[in-house]
8 protein chains.
Amino acid sequence: MLVICFYNPMVVAFVLIMSKTGQEKEVLANIRRLNEVKEASIVFGDYDIIAKVDVSNVENLNDLLLSKIRKIPGVSMTTTLIGI
Amino acid sequence: MLVICFYNPMVVAFVLIMSKTGQEKEVLANIRRLNEVKEASIVFGDYDIIAKVDVSNVENLNDLLLSKIRKIPGVSMTTTLIGI
Amino acid sequence: MLVICFYNPMVVAFVLIMSKTGQEKEVLANIRRLNEVKEASIVFGDYDIIAKVDVSNVENLNDLLLSKIRKIPGVSMTTTLIGI
Amino acid sequence: MLVICFYNPMVVAFVLIMSKTGQEKEVLANIRRLNEVKEASIVFGDYDIIAKVDVSNVENLNDLLLSKIRKIPGVSMTTTLIGI
Amino acid sequence: MLVICFYNPMVVAFVLIMSKTGQEKEVLANIRRLNEVKEASIVFGDYDIIAKVDVSNVENLNDLLLSKIRKIPGVSMTTTLIGI
Amino acid sequence: MLVICFYNPMVVAFVLIMSKTGQEKEVLANIRRLNEVKEASIVFGDYDIIAKVDVSNVENLNDLLLSKIRKIPGVSMTTTLIGI
Amino acid sequence: MLVICFYNPMVVAFVLIMSKTGQEKEVLANIRRLNEVKEASIVFGDYDIIAKVDVSNVENLNDLLLSKIRKIPGVSMTTTLIGI
Amino acid sequence: MLVICFYNPMVVAFVLIMSKTGQEKEVLANIRRLNEVKEASIVFGDYDIIAKVDVSNVENLNDLLLSKIRKIPGVSMTTTLIGI
């Protein structure tokens, strides 16, 4: 049996999140419930929350952002730094 | 018959779009329906969608932005990079 | 049983480039020589040049940026929008 | 009669305005009705409208911004560049 | 009696605040009522208000931001510069 | 039959310029010497100088930027807002 | 009749400074030596140093910036928030 | 009576680093050698490298930045997001 499988190594990304003012703690709680999120915390600076995520490839990262993170009430903007 | 016609060559521009969170796919679908849009895709980074557009001159680019792209529900901000 | 599974979606990205002032045309010429660059042009706005690139995966995108684009004399800053 | 009057020379400023999407033309029309506004136009780029204003001093510039420009429906953000 | 007490020296921070347009004066008045705020003023530029705050440690700074400043109606965004 | 159709709307643009620190006055003087520059002044804020320029079309605007403004010693970055 | 009218409100401004990496402490020391600087500190965030300055009018603020602060070795960029 | 009160919560911060073009790999290698750095990687987006650091308090974070990270050749700018 010959199995040749080209696959994309895991993708690690840091999602910088702006939250609507006054909803930071709820947004953080919802973010932490997501399996792909390995850690998340509120931060001082231009963004309000940073979340480190682990996904299998860039398409799944897109799904995580569009179907989960950016659907959380209170998330107003996200910027994603894809790690290498 | 003497015809002198000074005209402006085609204008290519890249429109960087921020979408309201949770509405990215609808915004992308509406953007792609516009004739002037040659290609558009969701992106990771500071912006959510990038669209390459082709118009005949700067005035038409303005119309495309004000009367079409920025009227699409879910478009919250645009930045236009006019190509040379 | 022969199982060949290619899991290798192409990655399209738009690289926004800031050039040292006065070196834009040389930077653009060098960018256009790269095979992975499908199109590139000088733009008005926050960035000086935009380049659309096609690579096989995120690692190759990283190589293209670190070993080629960011090694071109006159490139002072890059921001990459990875398309989906 | 001795009149000594120290006064502040005119202040020229450029107000960069972000408009809610779809309301640019109304915002521009309202901006142009203000006496202090010497010229205003829609622009491509990070901002949507630029207005050049002339006021007698920094306090009046503040009034113009807080009591007039930022009260116009559709104005979502302003950045002021005070000229010298 | 032996008392060993490691403690964190006071934290001074400058909070840069974006206000919803038209609500700047109310936001400033509410900000100034907070004990931790030593001074605050409306400013020209990318931000609308700057507030200098004094707190005992980074956790209290976080509480001040999340439970007080960002709960004030009209505050749309904050960026915090922690001083050393 | 003589048909002369000029399709050559003037392009007005505002060029926001960052100057190397300590060279602002020289940069401003050089900017003001350019015919296309209708007015220019030093400003407070994210940028150091703003210049209003008048050119016949987008190609000439590009030439003005690449061959003149960005060749002036001390100009470190430019952002162009094209007016409509 | 003797009319003396002083119209000379003090101008308070916050200068946000980016320092060349590795020169922050020298820049801070030089900034603090200026009479117009009431306080200055190193900060975490987008900028490296914040300085609160007091000057008699906008012209003197400009002199302070161009002739003193931006001439200090190691200062690479400044953004000024003029207070009201 | 022996009272020992340690008030010394650890500070976690994410340092976003811009590297001079062409020096990313050397900068990353030097960053990873620092004990306080728990993880670091090259990223796509506005910044080039992200480093997660663990220090005992805000003063030590400042030392880490000024005396170590920002002294590394090739580091051109840093923005620090202090976690809570």
# chains A, B, ... in the order shown; residues from 1 in each chain; ligands from 1

$ closest_atom_pairs --of "chain F" --to "chain E" --cutoff "9 Å" --atoms "only C-alpha atoms" --output "Markdown table"
| residue | atom | partner | partner_atom | distance |
| --- | --- | --- | --- | --- |
| F:Phe44 | CA | E:Gly45 | CA | 8.1 |
| F:Gly45 | CA | E:Gly45 | CA | 5.7 |
| F:Asp46 | CA | E:Gly45 | CA | 7.6 |

$ write_last_selection --atoms "all heavy atoms" --output "CSV table (one decimal), in the first residue's frame"
chain,number,residue,atom,x,y,z
F,44,PHE,N,0.9,70.0,12.8
F,44,PHE,CA,1.0,69.1,14.0
F,44,PHE,C,0.2,67.8,13.7
F,44,PHE,O,-0.8,67.9,13.1
F,44,PHE,CB,0.5,69.8,15.2
F,44,PHE,CG,1.2,71.0,15.6
F,44,PHE,CD1,0.6,72.3,15.5
F,44,PHE,CD2,2.5,70.9,16.1
F,44,PHE,CE1,1.3,73.4,15.9
F,44,PHE,CE2,3.2,72.1,16.5
F,44,PHE,CZ,2.6,73.3,16.4
F,45,GLY,N,0.6,66.7,14.2
F,45,GLY,CA,-0.2,65.5,14.0
F,45,GLY,C,0.7,64.4,13.5
F,45,GLY,O,1.9,64.4,13.6
F,46,ASP,N,0.1,63.4,12.9
F,46,ASP,CA,0.8,62.2,12.5
F,46,ASP,C,1.8,62.5,11.4
F,46,ASP,O,2.8,61.8,11.1
F,46,ASP,CB,-0.2,61.2,11.9
F,46,ASP,CG,-0.8,60.3,13.0
F,46,ASP,OD1,-0.3,60.5,14.2
F,46,ASP,OD2,-1.7,59.6,12.8

$ residues_around --residues "Asp48 of chain C" --least-positions-apart "3" --cutoff "6 Å" --atoms "only C-alpha atoms" --output "list in words"
Ile17, Met18, Ile42 and Val43 of chain C

$ residues_around --residues "segment 70-72 of chain D" --least-positions-apart "4" --cutoff "7 Å" --atoms "only C-alpha atoms" --output "mmCIF file with all heavy atoms, in the first residue's frame"
data_model
loop_
_atom_site.group_PDB
_atom_site.id
_atom_site.type_symbol
_atom_site.label_atom_id
_atom_site.label_comp_id
_atom_site.auth_asym_id
_atom_site.auth_seq_id
_atom_site.Cartn_x
_atom_site.Cartn_y
_atom_site.Cartn_z
ATOM 1 N N VAL D 27 -22.586 64.451 4.055
ATOM 2 C CA VAL D 27 -21.597 65.006 4.999
ATOM 3 C C VAL D 27 -20.835 66.149 4.319
ATOM 4 O O VAL D 27 -20.690 67.240 4.881
ATOM 5 C CB VAL D 27 -20.609 63.908 5.477
ATOM 6 C CG1 VAL D 27 -19.445 64.536 6.247
ATOM 7 C CG2 VAL D 27 -21.331 62.893 6.369
ATOM 8 N N LEU D 65 -14.910 72.177 15.740
ATOM 9 C CA LEU D 65 -14.898 70.708 15.665
ATOM 10 C C LEU D 65 -16.018 70.102 16.517
ATOM 11 O O LEU D 65 -16.825 69.308 16.040
ATOM 12 C CB LEU D 65 -13.540 70.186 16.138
ATOM 13 C CG LEU D 65 -12.420 70.266 15.087
ATOM 14 C CD1 LEU D 65 -11.069 70.081 15.740
ATOM 15 C CD2 LEU D 65 -12.642 69.201 14.007
ATOM 16 N N LEU D 66 -16.062 70.535 17.803
ATOM 17 C CA LEU D 66 -16.990 69.869 18.731
ATOM 18 C C LEU D 66 -18.446 70.292 18.497
ATOM 19 O O LEU D 66 -19.360 69.477 18.570
ATOM 20 C CB LEU D 66 -16.594 70.149 20.179
ATOM 21 C CG LEU D 66 -15.235 69.651 20.645
ATOM 22 C CD1 LEU D 66 -15.124 69.717 22.166
ATOM 23 C CD2 LEU D 66 -14.961 68.234 20.163
ATOM 24 N N THR E 21 -18.689 60.841 18.049
ATOM 25 C CA THR E 21 -18.767 62.242 17.656
ATOM 26 C C THR E 21 -19.992 62.889 18.294
ATOM 27 O O THR E 21 -21.075 62.312 18.330
ATOM 28 C CB THR E 21 -18.883 62.357 16.123
ATOM 29 O OG1 THR E 21 -19.957 61.502 15.674
ATOM 30 C CG2 THR E 21 -17.614 61.925 15.451
ATOM 31 N N GLY E 22 -19.758 64.089 18.842
ATOM 32 C CA GLY E 22 -20.871 64.839 19.433
ATOM 33 C C GLY E 22 -21.023 64.609 20.928
ATOM 34 O O GLY E 22 -21.808 65.291 21.599
#

$ calpha_fit_rmsd --fixed "chain B" --moving "chain H"
0.9 Å

$ residues_around --residues "Gly83 of chain G" --least-positions-apart "2" --cutoff "9 Å" --atoms "only C-alpha atoms" --output "VMD selection string"
(chain E and resid 41 to 44 49 to 50) or (chain G and resid 11 to 14 81)

$ write_last_selection --atoms "N, CA, C and O atoms" --output "PDB file, in the first residue's frame"
ATOM      1  N   SER E  41      -7.927  66.103  29.164  1.00  0.00           N
ATOM      2  CA  SER E  41      -8.335  67.218  28.293  1.00  0.00           C
ATOM      3  C   SER E  41      -8.671  66.709  26.895  1.00  0.00           C
ATOM      4  O   SER E  41      -8.225  65.631  26.493  1.00  0.00           O
ATOM      5  N   ILE E  42      -9.460  67.495  26.207  1.00  0.00           N
ATOM      6  CA  ILE E  42      -9.756  67.218  24.803  1.00  0.00           C
ATOM      7  C   ILE E  42      -8.520  67.587  23.992  1.00  0.00           C
ATOM      8  O   ILE E  42      -7.816  68.551  24.308  1.00  0.00           O
ATOM      9  N   VAL E  43      -8.210  66.781  22.977  1.00  0.00           N
ATOM     10  CA  VAL E  43      -7.022  67.072  22.163  1.00  0.00           C
ATOM     11  C   VAL E  43      -7.367  67.010  20.664  1.00  0.00           C
ATOM     12  O   VAL E  43      -8.349  66.390  20.268  1.00  0.00           O
ATOM     13  N   PHE E  44      -6.566  67.680  19.874  1.00  0.00           N
ATOM     14  CA  PHE E  44      -6.639  67.554  18.416  1.00  0.00           C
ATOM     15  C   PHE E  44      -5.721  66.397  18.019  1.00  0.00           C
ATOM     16  O   PHE E  44      -4.679  66.208  18.622  1.00  0.00           O
ATOM     17  N   ILE E  49      -9.524  62.563  23.439  1.00  0.00           N
ATOM     18  CA  ILE E  49      -9.302  62.933  24.843  1.00  0.00           C
ATOM     19  C   ILE E  49      -8.060  62.197  25.347  1.00  0.00           C
ATOM     20  O   ILE E  49      -7.821  61.043  24.953  1.00  0.00           O
ATOM     21  N   ILE E  50      -7.281  62.836  26.183  1.00  0.00           N
ATOM     22  CA  ILE E  50      -6.155  62.167  26.853  1.00  0.00           C
ATOM     23  C   ILE E  50      -6.378  62.303  28.352  1.00  0.00           C
ATOM     24  O   ILE E  50      -6.789  63.358  28.836  1.00  0.00           O
TER      25      ILE E  50
ATOM     26  N   VAL G  11      -0.835  77.115  25.754  1.00  0.00           N
ATOM     27  CA  VAL G  11      -1.144  75.912  24.992  1.00  0.00           C
ATOM     28  C   VAL G  11      -0.473  74.721  25.681  1.00  0.00           C
ATOM     29  O   VAL G  11       0.742  74.732  25.918  1.00  0.00           O
ATOM     30  N   VAL G  12      -1.290  73.728  26.084  1.00  0.00           N
ATOM     31  CA  VAL G  12      -0.758  72.487  26.648  1.00  0.00           C
ATOM     32  C   VAL G  12      -0.808  71.422  25.552  1.00  0.00           C
ATOM     33  O   VAL G  12      -1.809  71.320  24.827  1.00  0.00           O
ATOM     34  N   ALA G  13       0.268  70.695  25.384  1.00  0.00           N
ATOM     35  CA  ALA G  13       0.275  69.652  24.352  1.00  0.00           C
ATOM     36  C   ALA G  13       0.999  68.415  24.870  1.00  0.00           C
ATOM     37  O   ALA G  13       1.865  68.505  25.755  1.00  0.00           O
ATOM     38  N   PHE G  14       0.621  67.276  24.333  1.00  0.00           N
ATOM     39  CA  PHE G  14       1.275  66.008  24.661  1.00  0.00           C
ATOM     40  C   PHE G  14       2.000  65.531  23.394  1.00  0.00           C
ATOM     41  O   PHE G  14       1.363  65.314  22.351  1.00  0.00           O
ATOM     42  N   LEU G  81      -0.396  65.995  20.223  1.00  0.00           N
ATOM     43  CA  LEU G  81      -1.824  66.131  20.578  1.00  0.00           C
ATOM     44  C   LEU G  81      -1.960  67.458  21.321  1.00  0.00           C
ATOM     45  O   LEU G  81      -1.518  67.586  22.461  1.00  0.00           O
TER      46      LEU G  81
END

$ select_by_dssp --residues "chain E" --states "strand (DSSP E or B)" --output "NGL selection string"
:E and (2-6 or 11-19 or 37-43 or 49-55 or 75-83)

$ write_last_selection --atoms "N, CA and C atoms" --output "CSV table (one decimal), in the first residue's frame"
chain,number,residue,atom,x,y,z
E,2,LEU,N,8.7,41.0,62.1
E,2,LEU,CA,9.4,41.1,60.8
E,2,LEU,C,8.4,41.2,59.7
E,3,VAL,N,8.4,42.4,59.0
E,3,VAL,CA,7.4,42.5,57.9
E,3,VAL,C,8.2,42.7,56.6
E,4,ILE,N,8.1,41.8,55.7
E,4,ILE,CA,8.7,41.9,54.4
E,4,ILE,C,7.6,42.1,53.4
E,5,CYS,N,7.7,43.2,52.8
E,5,CYS,CA,6.6,43.4,51.9
E,5,CYS,C,7.1,43.9,50.5
E,6,PHE,N,7.0,43.0,49.5
E,6,PHE,CA,7.4,43.4,48.2
E,6,PHE,C,6.1,44.0,47.5
E,11,VAL,N,1.6,53.0,39.4
E,11,VAL,CA,1.6,52.9,37.9
E,11,VAL,C,1.0,54.2,37.4
E,12,VAL,N,1.7,54.9,36.5
E,12,VAL,CA,1.2,56.1,35.9
E,12,VAL,C,0.9,55.7,34.4
E,13,ALA,N,-0.3,56.0,33.9
E,13,ALA,CA,-0.6,55.7,32.5
E,13,ALA,C,-1.3,56.8,31.8
E,14,PHE,N,-1.2,56.9,30.5
E,14,PHE,CA,-1.9,57.9,29.7
E,14,PHE,C,-2.9,57.2,28.9
E,15,VAL,N,-4.2,57.4,29.1
E,15,VAL,CA,-5.2,56.7,28.3
E,15,VAL,C,-5.7,57.6,27.2
E,16,LEU,N,-5.4,57.2,25.9
E,16,LEU,CA,-5.9,57.9,24.8
E,16,LEU,C,-7.3,57.4,24.4
E,17,ILE,N,-8.2,58.3,24.3
E,17,ILE,CA,-9.6,57.9,24.2
E,17,ILE,C,-10.2,58.5,22.9
E,18,MET,N,-10.9,57.6,22.2
E,18,MET,CA,-11.8,58.1,21.0
E,18,MET,C,-13.2,58.2,21.5
E,19,SER,N,-13.8,59.3,21.2
E,19,SER,CA,-15.2,59.5,21.7
E,19,SER,C,-16.1,59.4,20.5
E,37,VAL,N,-8.1,59.6,38.0
E,37,VAL,CA,-7.7,60.5,36.8
E,37,VAL,C,-7.2,61.8,37.4
E,38,LYS,N,-5.9,62.1,37.2
E,38,LYS,CA,-5.2,63.3,37.7
E,38,LYS,C,-5.5,64.5,36.8
E,39,GLU,N,-5.5,64.2,35.5
E,39,GLU,CA,-5.9,65.3,34.6
E,39,GLU,C,-6.4,64.7,33.3
E,40,ALA,N,-7.2,65.5,32.6
E,40,ALA,CA,-7.8,65.0,31.3
E,40,ALA,C,-8.1,66.2,30.5
E,41,SER,N,-7.9,66.1,29.2
E,41,SER,CA,-8.3,67.2,28.3
E,41,SER,C,-8.7,66.7,26.9
E,42,ILE,N,-9.5,67.5,26.2
E,42,ILE,CA,-9.8,67.2,24.8
E,42,ILE,C,-8.5,67.6,24.0
E,43,VAL,N,-8.2,66.8,23.0
E,43,VAL,CA,-7.0,67.1,22.2
E,43,VAL,C,-7.4,67.0,20.7
E,49,ILE,N,-9.5,62.6,23.4
E,49,ILE,CA,-9.3,62.9,24.8
E,49,ILE,C,-8.1,62.2,25.3
E,50,ILE,N,-7.3,62.8,26.2
E,50,ILE,CA,-6.2,62.2,26.9
E,50,ILE,C,-6.4,62.3,28.4
E,51,ALA,N,-6.2,61.2,29.1
E,51,ALA,CA,-6.4,61.2,30.5
E,51,ALA,C,-5.1,60.6,31.2
E,52,LYS,N,-4.6,61.3,32.2
E,52,LYS,CA,-3.4,60.8,32.9
E,52,LYS,C,-4.0,60.2,34.2
E,53,VAL,N,-3.7,58.9,34.4
E,53,VAL,CA,-4.2,58.2,35.6
E,53,VAL,C,-3.1,57.7,36.5
E,54,ASP,N,-3.4,57.5,37.8
E,54,ASP,CA,-2.5,57.1,38.8
E,54,ASP,C,-3.1,55.9,39.5
E,55,VAL,N,-2.5,54.7,39.4
E,55,VAL,CA,-3.1,53.5,40.1
E,55,VAL,C,-2.0,52.8,40.8
E,75,VAL,N,-17.6,56.5,25.0
E,75,VAL,CA,-16.2,56.1,24.8
E,75,VAL,C,-16.2,54.9,23.8
E,76,SER,N,-15.6,55.1,22.6
E,76,SER,CA,-15.7,54.1,21.6
E,76,SER,C,-14.4,53.3,21.5
E,77,MET,N,-13.3,53.9,21.9
E,77,MET,CA,-12.0,53.1,21.8
E,77,MET,C,-11.0,53.7,22.7
E,78,THR,N,-10.1,52.9,23.3
E,78,THR,CA,-9.1,53.4,24.2
E,78,THR,C,-7.7,52.7,23.8
E,79,THR,N,-6.7,53.5,24.0
E,79,THR,CA,-5.3,53.0,23.8
E,79,THR,C,-4.5,53.4,25.1
E,80,THR,N,-3.9,52.5,25.8
E,80,THR,CA,-3.2,52.9,27.0
E,80,THR,C,-1.7,52.8,26.9
E,81,LEU,N,-1.1,54.0,27.3
E,81,LEU,CA,0.4,54.0,27.3
E,81,LEU,C,0.8,54.0,28.7
E,82,ILE,N,1.4,52.8,29.2
E,82,ILE,CA,1.8,52.7,30.6
E,82,ILE,C,3.2,53.3,30.7
E,83,GLY,N,3.3,54.3,31.7
E,83,GLY,CA,4.5,55.0,31.9
E,83,GLY,C,5.4,54.2,32.8

$ atom_distance --atom1 "atom CA of Ser67 of chain B" --atom2 "atom CA of Leu34 of chain B"
11.5 Å

$ atom_distance --atom1 "atom CA of Asn57 of chain E" --atom2 "atom CA of Met10 of chain E"
6.0 Å

$ atom_distance --atom1 "atom CA of Gly74 of chain G" --atom2 "atom CA of Glu24 of chain G"
7.5 Å

$ select_by_dssp --residues "segment 5-84 of chain A" --states "helix (DSSP H, G or I)" --output "list in words"
Glu24, Lys25, Glu26, Val27, Leu28, Ala29, Asn30, Ile31, Arg32, Val58, Glu59, Asn60, Leu61, Asn62, Asp63, Leu64, Leu65, Leu66, Ser67, Lys68, Ile69, Arg70 and Lys71 of chain A

$ decode --residues "segment 32-43 of chain H" --atoms "all heavy atoms" --output "mmCIF file, in the first residue's frame"
data_model
loop_
_atom_site.group_PDB
_atom_site.id
_atom_site.type_symbol
_atom_site.label_atom_id
_atom_site.label_comp_id
_atom_site.auth_asym_id
_atom_site.auth_seq_id
_atom_site.Cartn_x
_atom_site.Cartn_y
_atom_site.Cartn_z
ATOM 1 N N ARG H 32 15.026 34.778 20.729
ATOM 2 C CA ARG H 32 14.741 33.477 21.363
ATOM 3 C C ARG H 32 15.779 33.111 22.415
ATOM 4 O O ARG H 32 15.527 32.299 23.294
ATOM 5 C CB ARG H 32 14.677 32.374 20.289
ATOM 6 C CG ARG H 32 13.328 32.361 19.543
ATOM 7 C CD ARG H 32 13.292 31.288 18.471
ATOM 8 N NE ARG H 32 11.918 31.125 17.945
ATOM 9 C CZ ARG H 32 11.642 30.529 16.779
ATOM 10 N NH1 ARG H 32 12.643 30.022 16.036
ATOM 11 N NH2 ARG H 32 10.400 30.420 16.331
ATOM 12 N N ARG H 33 16.944 33.735 22.354
ATOM 13 C CA ARG H 33 17.989 33.435 23.352
ATOM 14 C C ARG H 33 17.700 34.068 24.711
ATOM 15 O O ARG H 33 18.332 33.737 25.714
ATOM 16 C CB ARG H 33 19.345 33.938 22.847
ATOM 17 C CG ARG H 33 19.977 33.002 21.825
ATOM 18 C CD ARG H 33 21.444 33.324 21.537
ATOM 19 N NE ARG H 33 21.769 32.767 20.199
ATOM 20 C CZ ARG H 33 21.908 33.508 19.106
ATOM 21 N NH1 ARG H 33 21.779 34.843 19.141
ATOM 22 N NH2 ARG H 33 22.161 32.938 17.928
ATOM 23 N N LEU H 34 16.762 35.008 24.750
ATOM 24 C CA LEU H 34 16.503 35.708 26.025
ATOM 25 C C LEU H 34 15.658 34.826 26.947
ATOM 26 O O LEU H 34 14.608 34.307 26.535
ATOM 27 C CB LEU H 34 15.787 37.036 25.740
ATOM 28 C CG LEU H 34 16.555 38.036 24.858
ATOM 29 C CD1 LEU H 34 15.660 39.218 24.490
ATOM 30 C CD2 LEU H 34 17.822 38.515 25.585
ATOM 31 N N ASN H 35 16.052 34.708 28.208
ATOM 32 C CA ASN H 35 15.327 33.822 29.137
ATOM 33 C C ASN H 35 13.865 34.214 29.287
ATOM 34 O O ASN H 35 12.992 33.363 29.388
ATOM 35 C CB ASN H 35 15.998 33.885 30.527
ATOM 36 C CG ASN H 35 17.399 33.323 30.470
ATOM 37 O OD1 ASN H 35 17.675 32.447 29.613
ATOM 38 N ND2 ASN H 35 18.292 33.832 31.303
ATOM 39 N N GLU H 36 13.635 35.513 29.282
ATOM 40 C CA GLU H 36 12.258 35.968 29.554
ATOM 41 C C GLU H 36 11.307 35.638 28.397
ATOM 42 O O GLU H 36 10.082 35.731 28.555
ATOM 43 C CB GLU H 36 12.237 37.491 29.784
ATOM 44 C CG GLU H 36 13.059 37.982 30.972
ATOM 45 C CD GLU H 36 14.501 38.298 30.575
ATOM 46 O OE1 GLU H 36 14.960 37.780 29.512
ATOM 47 O OE2 GLU H 36 15.166 39.043 31.315
ATOM 48 N N VAL H 37 11.878 35.314 27.245
ATOM 49 C CA VAL H 37 11.037 35.052 26.071
ATOM 50 C C VAL H 37 10.565 33.598 26.093
ATOM 51 O O VAL H 37 11.372 32.668 25.986
ATOM 52 C CB VAL H 37 11.820 35.348 24.770
ATOM 53 C CG1 VAL H 37 11.013 34.892 23.544
ATOM 54 C CG2 VAL H 37 12.128 36.839 24.674
ATOM 55 N N LYS H 38 9.283 33.368 26.241
ATOM 56 C CA LYS H 38 8.737 32.014 26.323
ATOM 57 C C LYS H 38 8.505 31.441 24.933
ATOM 58 O O LYS H 38 8.593 30.251 24.705
ATOM 59 C CB LYS H 38 7.411 32.021 27.114
ATOM 60 C CG LYS H 38 7.559 32.512 28.547
ATOM 61 C CD LYS H 38 8.751 31.866 29.255
ATOM 62 C CE LYS H 38 9.231 32.623 30.460
ATOM 63 N NZ LYS H 38 10.599 32.213 30.898
ATOM 64 N N GLU H 39 8.123 32.299 23.977
ATOM 65 C CA GLU H 39 8.015 31.843 22.592
ATOM 66 C C GLU H 39 8.095 33.056 21.685
ATOM 67 O O GLU H 39 7.773 34.166 22.092
ATOM 68 C CB GLU H 39 6.704 31.082 22.342
ATOM 69 C CG GLU H 39 5.440 31.911 22.510
ATOM 70 C CD GLU H 39 4.172 31.118 22.188
ATOM 71 O OE1 GLU H 39 3.962 30.811 20.983
ATOM 72 O OE2 GLU H 39 3.424 30.811 23.123
ATOM 73 N N ALA H 40 8.538 32.819 20.433
ATOM 74 C CA ALA H 40 8.644 33.922 19.468
ATOM 75 C C ALA H 40 8.555 33.322 18.069
ATOM 76 O O ALA H 40 9.060 32.227 17.829
ATOM 77 C CB ALA H 40 9.952 34.670 19.640
ATOM 78 N N SER H 41 7.892 34.051 17.167
ATOM 79 C CA SER H 41 7.859 33.553 15.783
ATOM 80 C C SER H 41 7.720 34.717 14.805
ATOM 81 O O SER H 41 7.270 35.804 15.166
ATOM 82 C CB SER H 41 6.698 32.569 15.595
ATOM 83 O OG SER H 41 5.472 33.177 15.933
ATOM 84 N N ILE H 42 8.118 34.449 13.585
ATOM 85 C CA ILE H 42 7.929 35.407 12.501
ATOM 86 C C ILE H 42 6.447 35.367 12.118
ATOM 87 O O ILE H 42 5.815 34.312 12.146
ATOM 88 C CB ILE H 42 8.839 35.038 11.315
ATOM 89 C CG1 ILE H 42 10.299 35.350 11.689
ATOM 90 C CG2 ILE H 42 8.421 35.794 10.054
ATOM 91 C CD1 ILE H 42 11.314 35.053 10.632
ATOM 92 N N VAL H 43 5.879 36.538 11.835
ATOM 93 C CA VAL H 43 4.457 36.568 11.469
ATOM 94 C C VAL H 43 4.245 37.387 10.198
ATOM 95 O O VAL H 43 5.074 38.224 9.831
ATOM 96 C CB VAL H 43 3.599 37.199 12.613
ATOM 97 C CG1 VAL H 43 3.505 36.265 13.796
ATOM 98 C CG2 VAL H 43 4.138 38.562 13.025
#
